[in-house]
Amino acid sequence: MTPDDRDPPRLTQPGPRVEVVPLGRVNLTAAHVVAGNLQALLGLAARVGEPRPDPEEALVANRGQYDARVVLEELAKGVGAPFRLGVTAVDLCLPFLDYVFGEAQVGGRAAVVSLARLGGGRGAAGVPREVMLERLAKVALHETAHLLGLTHCRAAGCLMSFSETLERIDRISLAMCPGCRVDLARRRRRIVGPDG
Amino acid sequence: MERQLSILVVDDELAMRESITAWLQKAGYQVAAAASGEEALGLMERHLYELALVDVKMPGMDGLALLEQVRRLYPETMVIIITAYGSIESAVRAMKAGASDYLLKPFDPEHLMLLLEKVGGQRRLLQENLALRRRLSEGECAGFEDLVGRSPAMLEVFSLIEDVAATDAPVLITGQTGTGKELVARAIHNRSERGFAPFVTINCGALAENLLESELFGHERGAFTGAVRARRGRLEMADGGTLFLDEVGEISTKMQLDLLRVLETKQFQRVGGTATLTSDFRLICATHRDLPQLIAAERFRQDFYYRIHVISIPIAPLAQRSEDILPLAEHFLDLYAREAGKVRPELDDQARRVLLAHPWPGNVRELRNVIERAVIVARGDRIGLAELSFLGTTAPATALPRSLAEAELAHIQQTLEAHDWNLTRAAAELGIDRSTLRRKLNRAGITRPGGGRR
Ligand SMILES: [Zn+2]
Ligand SMILES: [Zn+2]
């Protein structure tokens, strides 16, 4: 842990930095787990906002999935906290990609994570709930770091490495590699306000 | 961290184009996008992309037409074709037309990642092999005829080639860079009973250890990250023919041991594989290094050395066989005049003297390059001093440098010419470091003729 991770940044204005938005029929506990992790591990003040329906505009009828980019456009609308992180239960995709676990506007306002696939793997019964929530926290932290401007990293086990499978999500840690930690601290200071 | 691939996304559909671009940027790649084949070609004129992701269905120039143009104009750029489900036949056509791979919309994220890793690996391989491939394509039609020489040293080489071609014994060819070791290897192969089977070459000095291993032994699907499909190694490809290991002095002792086992048992396995494969090949190795010296330094295995140099063919540097200079020059004049569609020029007396006086640190390859350039710049049917001016003007016998300092400068200039003004390589050849060379050049006021490009 770097000193930056221990000392939360002094904020220039009061109020939460990230609004975690429960979408559709997603469980509120999941949203609270996400908010807690953002606060504890990224040092970003987060609160759970009002639940909203999944944006119908994003539904790709022939695929039965939601276009993650359209979800982000809808989430980004309106005033409030500088960053918004949607948590949904529907399956997300991109026009060119089969599925995504989460998606973010790099350096932008909105990110989204989906629980739809996170319960899979390890046999037909799926995984215990706490494993699913840990996966959710990893994807949420990863996507939120994208909002701060971080891109993918190739360091083994780093939170910012691209995880295209559940096995890879399980292998990465909740922490970032030293390089990404420095990058995160710099960007957070610039965006969230002066830090010391 | 290594530099990331530079990728061009070509798709007429805005949503596809934007989302692929954003995704690749997030992954850290340098990405540009074009909405049509025409726009893509415009961008490619200004920047070399290592990879192009091309949608097959576009109005105007479609993906296959663009693929064809890219293969012709930018052969270094790999093309991956994007097709929709149900149009698999266009993917097949694209693969036949030289696409590196294809992706079905929507892509499987796992497949996409593997593909990008594979392209990254291939690009490294390509760069490392570039020099080798250039040399091979130039020497492609090399039979015995392309080895030119009438010096006693070369006549000895010719007779050795005749003798060893009739056997199946391993051969070690030694000699400085540029002396034509691969031509000798090819001549042996062509004259041997294996002449109709493949002549498979690999430059051991150009590849990192793990790449060399998978190049030689092949690998199974999934043997390592990026091994999307199984691949045959050069050992397998050489079955029935000849395997030519160039720069054999560069391989690690561990790899030497692996190869030693193959030579002894004629059996091996692909990387990540369990099946035992056999291959019947004749081994020819080449090196510019002093292998006994490497053995003394424990950087080369003695047992492997004994195995590969059953017969050895040393090739003398060109400077030690000046009788070969003019016949070689005449040979290259024929070759390049024919290639350029020009009247074959003749060397005048001064040109002959310049060529004979030159020390040829780059050996036959340097002479070949000099003649090629002379043919290009020659205006009439004669090659004189003017056409060889880039060789340094101090060479004619009548104008030998007088002082030691002048001789040193002349030698430095010639060495630089031989290495195309690459200071690092020239300094290495001169046995001084780069900064010393630079200092000497500055002091003497020597600059690259025609301005420095580097
Ligand atoms: Zn990401
Ligand atoms: Zn990292």
# chains A, B, ... in the order shown; residues from 1 in each chain; ligands from 1

call {"tool": "residues_near_ligand", "arguments": {"ligand": "ligand 2", "cutoff": "7 Å", "atoms": "only C-alpha atoms and all ligand atoms", "output": "JSON, numbers by chain"}}
result
{"A": [153, 154, 155, 158, 159, 160, 161, 176, 177, 178, 179, 180]}

call {"tool": "write_last_selection", "arguments": {"atoms": "N, CA and C atoms", "output": "short mmCIF file (atom, residue, chain, number, x, y, z; two decimals), in the first residue's frame"}}
result
data_model
loop_
_atom_site.label_atom_id
_atom_site.label_comp_id
_atom_site.auth_asym_id
_atom_site.auth_seq_id
_atom_site.Cartn_x
_atom_site.Cartn_y
_atom_site.Cartn_z
N CYS A 153 -3.55 -2.95 -18.18
CA CYS A 153 -2.18 -3.17 -17.72
C CYS A 153 -1.84 -4.63 -17.98
N ARG A 154 -0.56 -4.90 -18.22
CA ARG A 154 -0.17 -6.29 -18.50
C ARG A 154 0.51 -6.97 -17.33
N ALA A 155 0.64 -6.25 -16.21
CA ALA A 155 1.30 -6.87 -15.06
C ALA A 155 0.44 -8.03 -14.56
N CYS A 158 -2.63 -7.93 -11.84
CA CYS A 158 -3.06 -6.56 -11.55
C CYS A 158 -4.57 -6.41 -11.81
N LEU A 159 -5.22 -5.64 -10.98
CA LEU A 159 -6.64 -5.36 -11.13
C LEU A 159 -6.95 -4.79 -12.51
N MET A 160 -6.00 -4.07 -13.11
CA MET A 160 -6.26 -3.41 -14.38
C MET A 160 -5.93 -4.27 -15.60
N SER A 161 -5.58 -5.54 -15.38
CA SER A 161 -5.40 -6.37 -16.56
C SER A 161 -6.78 -6.73 -17.12
N MET A 176 -3.96 -3.17 -7.22
CA MET A 176 -3.28 -2.87 -8.47
C MET A 176 -1.79 -3.11 -8.32
N CYS A 177 -1.12 -3.26 -9.45
CA CYS A 177 0.33 -3.38 -9.43
C CYS A 177 0.92 -2.01 -9.05
N PRO A 178 2.19 -1.95 -8.64
CA PRO A 178 2.78 -0.67 -8.22
C PRO A 178 2.65 0.42 -9.28
N GLY A 179 2.83 0.05 -10.56
CA GLY A 179 2.74 1.05 -11.63
C GLY A 179 1.37 1.68 -11.69
N CYS A 180 0.33 0.84 -11.65
CA CYS A 180 -1.03 1.36 -11.72
C CYS A 180 -1.39 2.15 -10.46
#

call {"tool": "interface_residues", "arguments": {"of": "chain A", "to": "chain B", "cutoff": "9 Å", "atoms": "only C-alpha atoms", "output": "MDAnalysis selection string"}}
result
chainID A and resid 69 93:100 105:106 146 150:154 161:165

call {"tool": "closest_atom_pairs", "arguments": {"of": "segment 80-131 of chain A", "to": "segment 27-32 of chain A", "cutoff": "9 Å", "atoms": "only C-alpha atoms", "output": "CSV"}}
result
residue,atom,partner,partner_atom,distance
A:Gly86,CA,A:Ala31,CA,8.6
A:Val87,CA,A:Ala31,CA,6.5
A:Thr88,CA,A:Asn27,CA,8.8
A:Ala89,CA,A:Asn27,CA,8.5
A:Leu115,CA,A:Ala30,CA,9.0

call {"tool": "write_last_selection", "arguments": {"atoms": "C-alpha atoms", "output": "PDB file, in the first residue's frame"}}
result
ATOM      1  CA  GLY A  86     -24.457   1.336 -12.709  1.00  0.00           C
ATOM      2  CA  VAL A  87     -24.914  -2.186 -11.310  1.00  0.00           C
ATOM      3  CA  THR A  88     -27.210  -4.370 -13.399  1.00  0.00           C
ATOM      4  CA  ALA A  89     -28.391  -7.953 -13.618  1.00  0.00           C
ATOM      5  CA  LEU A 115     -23.898  -9.601 -12.462  1.00  0.00           C
TER       6      LEU A 115
END

call {"tool": "atom_distance", "arguments": {"atom1": "atom CA of Glu167 of chain A", "atom2": "atom CA of Asp183 of chain A"}}
result
26.1 Å

call {"tool": "closest_residue", "arguments": {"among": "B:Phe196, B:Ala275, B:Ile188, B:Pro152", "to": "Pro170 of chain B", "atoms": "only C-alpha atoms"}}
result
B:Ile188

call {"tool": "select_by_dssp", "arguments": {"residues": "segment 79-179 of chain A", "states": "alpha helix (DSSP H)", "output": "list in words"}}
result
Arg129, Glu130, Val131, Met132, Leu133, Glu134, Arg135, Leu136, Ala137, Lys138, Val139, Ala140, Leu141, His142, Glu143, Thr144, Ala145, His146, Leu147, Leu166, Glu167, Arg168, Ile169, Asp170, Arg171, Pro178 and Gly179 of chain A

call {"tool": "residues_around", "arguments": {"residues": "Gly80 of chain A", "least_positions_apart": "3", "cutoff": "10 Å", "atoms": "only C-alpha atoms", "output": "ChimeraX atom specification"}}
result
/A:15-19,76-77,83-84

call {"tool": "write_last_selection", "arguments": {"atoms": "N, CA and C atoms", "output": "PDB file, in the first residue's frame"}}
result
ATOM      1  N   GLY A  15     -19.594  16.038  -0.544  1.00  0.00           N
ATOM      2  CA  GLY A  15     -20.471  15.159  -1.301  1.00  0.00           C
ATOM      3  C   GLY A  15     -19.718  13.992  -1.871  1.00  0.00           C
ATOM      4  N   PRO A  16     -20.464  12.908  -2.225  1.00  0.00           N
ATOM      5  CA  PRO A  16     -19.805  11.704  -2.731  1.00  0.00           C
ATOM      6  C   PRO A  16     -19.235  11.937  -4.125  1.00  0.00           C
ATOM      7  N   ARG A  17     -18.152  11.199  -4.447  1.00  0.00           N
ATOM      8  CA  ARG A  17     -17.541  11.272  -5.782  1.00  0.00           C
ATOM      9  C   ARG A  17     -18.256  10.340  -6.750  1.00  0.00           C
ATOM     10  N   VAL A  18     -18.679   9.194  -6.211  1.00  0.00           N
ATOM     11  CA  VAL A  18     -19.295   8.185  -7.085  1.00  0.00           C
ATOM     12  C   VAL A  18     -20.697   7.860  -6.600  1.00  0.00           C
ATOM     13  N   GLU A  19     -21.625   7.878  -7.532  1.00  0.00           N
ATOM     14  CA  GLU A  19     -22.968   7.420  -7.211  1.00  0.00           C
ATOM     15  C   GLU A  19     -23.133   6.029  -7.806  1.00  0.00           C
ATOM     16  N   ALA A  76     -25.059   8.589 -17.950  1.00  0.00           N
ATOM     17  CA  ALA A  76     -24.267   9.816 -17.848  1.00  0.00           C
ATOM     18  C   ALA A  76     -25.143  11.060 -17.812  1.00  0.00           C
ATOM     19  N   LYS A  77     -26.432  10.897 -18.216  1.00  0.00           N
ATOM     20  CA  LYS A  77     -27.315  12.063 -18.282  1.00  0.00           C
ATOM     21  C   LYS A  77     -27.650  12.587 -16.887  1.00  0.00           C
ATOM     22  N   PHE A  83     -19.061  10.965 -10.902  1.00  0.00           N
ATOM     23  CA  PHE A  83     -18.991   9.647 -11.540  1.00  0.00           C
ATOM     24  C   PHE A  83     -20.226   8.826 -11.189  1.00  0.00           C
ATOM     25  N   ARG A  84     -20.703   8.044 -12.160  1.00  0.00           N
ATOM     26  CA  ARG A  84     -21.837   7.148 -11.909  1.00  0.00           C
ATOM     27  C   ARG A  84     -21.437   5.741 -12.309  1.00  0.00           C
TER      28      ARG A  84
END

call {"tool": "select_by_dssp", "arguments": {"residues": "chain A", "states": "strand (DSSP E or B)", "output": "PyMOL selection string"}}
result
chain A and resi 18-23+46-48+52+59-60+65-67+83-88+92-94+97-100+102-104+110-114

call {"tool": "write_last_selection", "arguments": {"atoms": "N, CA and C atoms", "output": "CSV table (one decimal), in the first residue's frame"}}
result
chain,number,residue,atom,x,y,z
A,18,VAL,N,-18.7,9.2,-6.2
A,18,VAL,CA,-19.3,8.2,-7.1
A,18,VAL,C,-20.7,7.9,-6.6
A,19,GLU,N,-21.6,7.9,-7.5
A,19,GLU,CA,-23.0,7.4,-7.2
A,19,GLU,C,-23.1,6.0,-7.8
A,20,VAL,N,-23.4,5.1,-6.9
A,20,VAL,CA,-23.6,3.7,-7.4
A,20,VAL,C,-25.1,3.5,-7.7
A,21,VAL,N,-25.5,3.3,-8.9
A,21,VAL,CA,-26.9,3.2,-9.3
A,21,VAL,C,-27.4,1.8,-9.5
A,22,PRO,N,-28.3,1.3,-8.6
A,22,PRO,CA,-28.8,-0.1,-8.9
A,22,PRO,C,-29.8,0.0,-10.1
A,23,LEU,N,-29.6,-0.9,-11.0
A,23,LEU,CA,-30.4,-0.9,-12.2
A,23,LEU,C,-31.3,-2.1,-12.3
A,46,ALA,N,-18.3,7.2,-1.9
A,46,ALA,CA,-19.3,6.6,-2.8
A,46,ALA,C,-20.6,6.4,-2.0
A,47,ARG,N,-21.8,6.6,-2.6
A,47,ARG,CA,-23.0,6.3,-2.0
A,47,ARG,C,-23.9,5.6,-3.0
A,48,VAL,N,-24.9,4.8,-2.4
A,48,VAL,CA,-25.8,4.1,-3.3
A,48,VAL,C,-27.0,5.1,-3.6
A,52,ARG,N,-32.9,2.6,-10.6
A,52,ARG,CA,-33.6,3.0,-11.9
A,52,ARG,C,-33.8,1.7,-12.7
A,59,LEU,N,-31.5,-2.1,-25.1
A,59,LEU,CA,-31.8,-3.5,-25.5
A,59,LEU,C,-31.5,-3.8,-26.9
A,60,VAL,N,-30.7,-4.8,-27.2
A,60,VAL,CA,-30.5,-5.3,-28.6
A,60,VAL,C,-31.4,-6.5,-28.8
A,65,GLN,N,-29.6,-9.0,-25.3
A,65,GLN,CA,-28.6,-8.4,-24.4
A,65,GLN,C,-28.7,-6.9,-24.5
A,66,TYR,N,-28.0,-6.2,-23.6
A,66,TYR,CA,-28.0,-4.7,-23.6
A,66,TYR,C,-26.7,-4.2,-24.0
A,67,ASP,N,-26.8,-3.2,-25.0
A,67,ASP,CA,-25.5,-2.6,-25.5
A,67,ASP,C,-24.9,-1.7,-24.4
A,83,PHE,N,-19.1,11.0,-10.9
A,83,PHE,CA,-19.0,9.6,-11.5
A,83,PHE,C,-20.2,8.8,-11.2
A,84,ARG,N,-20.7,8.0,-12.2
A,84,ARG,CA,-21.8,7.1,-11.9
A,84,ARG,C,-21.4,5.7,-12.3
A,85,LEU,N,-21.7,4.8,-11.4
A,85,LEU,CA,-21.5,3.4,-11.7
A,85,LEU,C,-22.7,2.6,-11.6
A,86,GLY,N,-23.2,2.1,-12.7
A,86,GLY,CA,-24.5,1.3,-12.7
A,86,GLY,C,-24.1,-0.1,-12.4
A,87,VAL,N,-25.0,-0.8,-11.6
A,87,VAL,CA,-24.9,-2.2,-11.3
A,87,VAL,C,-26.2,-2.8,-11.8
A,88,THR,N,-26.0,-3.8,-12.8
A,88,THR,CA,-27.2,-4.4,-13.4
A,88,THR,C,-27.2,-5.9,-13.3
A,92,LEU,N,-24.7,-7.8,-20.6
A,92,LEU,CA,-24.2,-6.6,-21.4
A,92,LEU,C,-23.3,-7.1,-22.6
A,93,CYS,N,-23.4,-6.3,-23.7
A,93,CYS,CA,-22.5,-6.7,-24.8
A,93,CYS,C,-22.1,-5.4,-25.5
A,94,LEU,N,-21.2,-5.5,-26.5
A,94,LEU,CA,-20.9,-4.3,-27.3
A,94,LEU,C,-21.2,-4.7,-28.8
A,97,LEU,N,-18.8,-7.3,-29.7
A,97,LEU,CA,-18.3,-8.2,-28.7
A,97,LEU,C,-19.4,-9.0,-28.1
A,98,ASP,N,-19.2,-10.3,-28.0
A,98,ASP,CA,-20.2,-11.3,-27.5
A,98,ASP,C,-20.8,-10.8,-26.2
A,99,TYR,N,-19.9,-10.4,-25.2
A,99,TYR,CA,-20.4,-10.0,-23.9
A,99,TYR,C,-19.3,-9.2,-23.2
A,100,VAL,N,-19.7,-8.4,-22.2
A,100,VAL,CA,-18.7,-7.8,-21.4
A,100,VAL,C,-19.2,-7.9,-19.9
A,102,GLY,N,-18.3,-5.7,-17.7
A,102,GLY,CA,-18.5,-4.3,-17.3
A,102,GLY,C,-17.9,-3.4,-18.5
A,103,GLU,N,-18.2,-2.1,-18.4
A,103,GLU,CA,-17.8,-1.2,-19.4
A,103,GLU,C,-17.7,0.2,-18.8
A,104,ALA,N,-16.8,1.0,-19.3
A,104,ALA,CA,-16.6,2.4,-18.8
A,104,ALA,C,-16.2,3.3,-19.9
A,110,ALA,N,-19.5,7.8,-16.9
A,110,ALA,CA,-20.3,6.6,-16.5
A,110,ALA,C,-19.6,5.3,-16.7
A,111,ALA,N,-19.9,4.4,-15.8
A,111,ALA,CA,-19.4,3.0,-15.9
A,111,ALA,C,-20.6,2.1,-15.5
A,112,VAL,N,-20.5,0.8,-16.0
A,112,VAL,CA,-21.5,-0.1,-15.6
A,112,VAL,C,-20.9,-1.5,-15.4
A,113,VAL,N,-21.5,-2.3,-14.4
A,113,VAL,CA,-21.0,-3.6,-14.2
A,113,VAL,C,-22.3,-4.5,-14.2
A,114,SER,N,-22.1,-5.8,-14.7
A,114,SER,CA,-23.2,-6.7,-14.8
A,114,SER,C,-22.9,-7.9,-14.0

call {"tool": "residues_around", "arguments": {"residues": "segment 339-344 of chain B", "least_positions_apart": "6", "cutoff": "9 Å", "atoms": "only C-alpha atoms", "output": "ChimeraX atom specification"}}
result
/B:333,375-376,380-382

call {"tool": "closest_residue", "arguments": {"among": "A:Leu184, A:Ala145, A:Leu174, A:Ala61", "to": "ligand 1", "atoms": "only C-alpha atoms and all ligand atoms"}}
result
A:Ala145
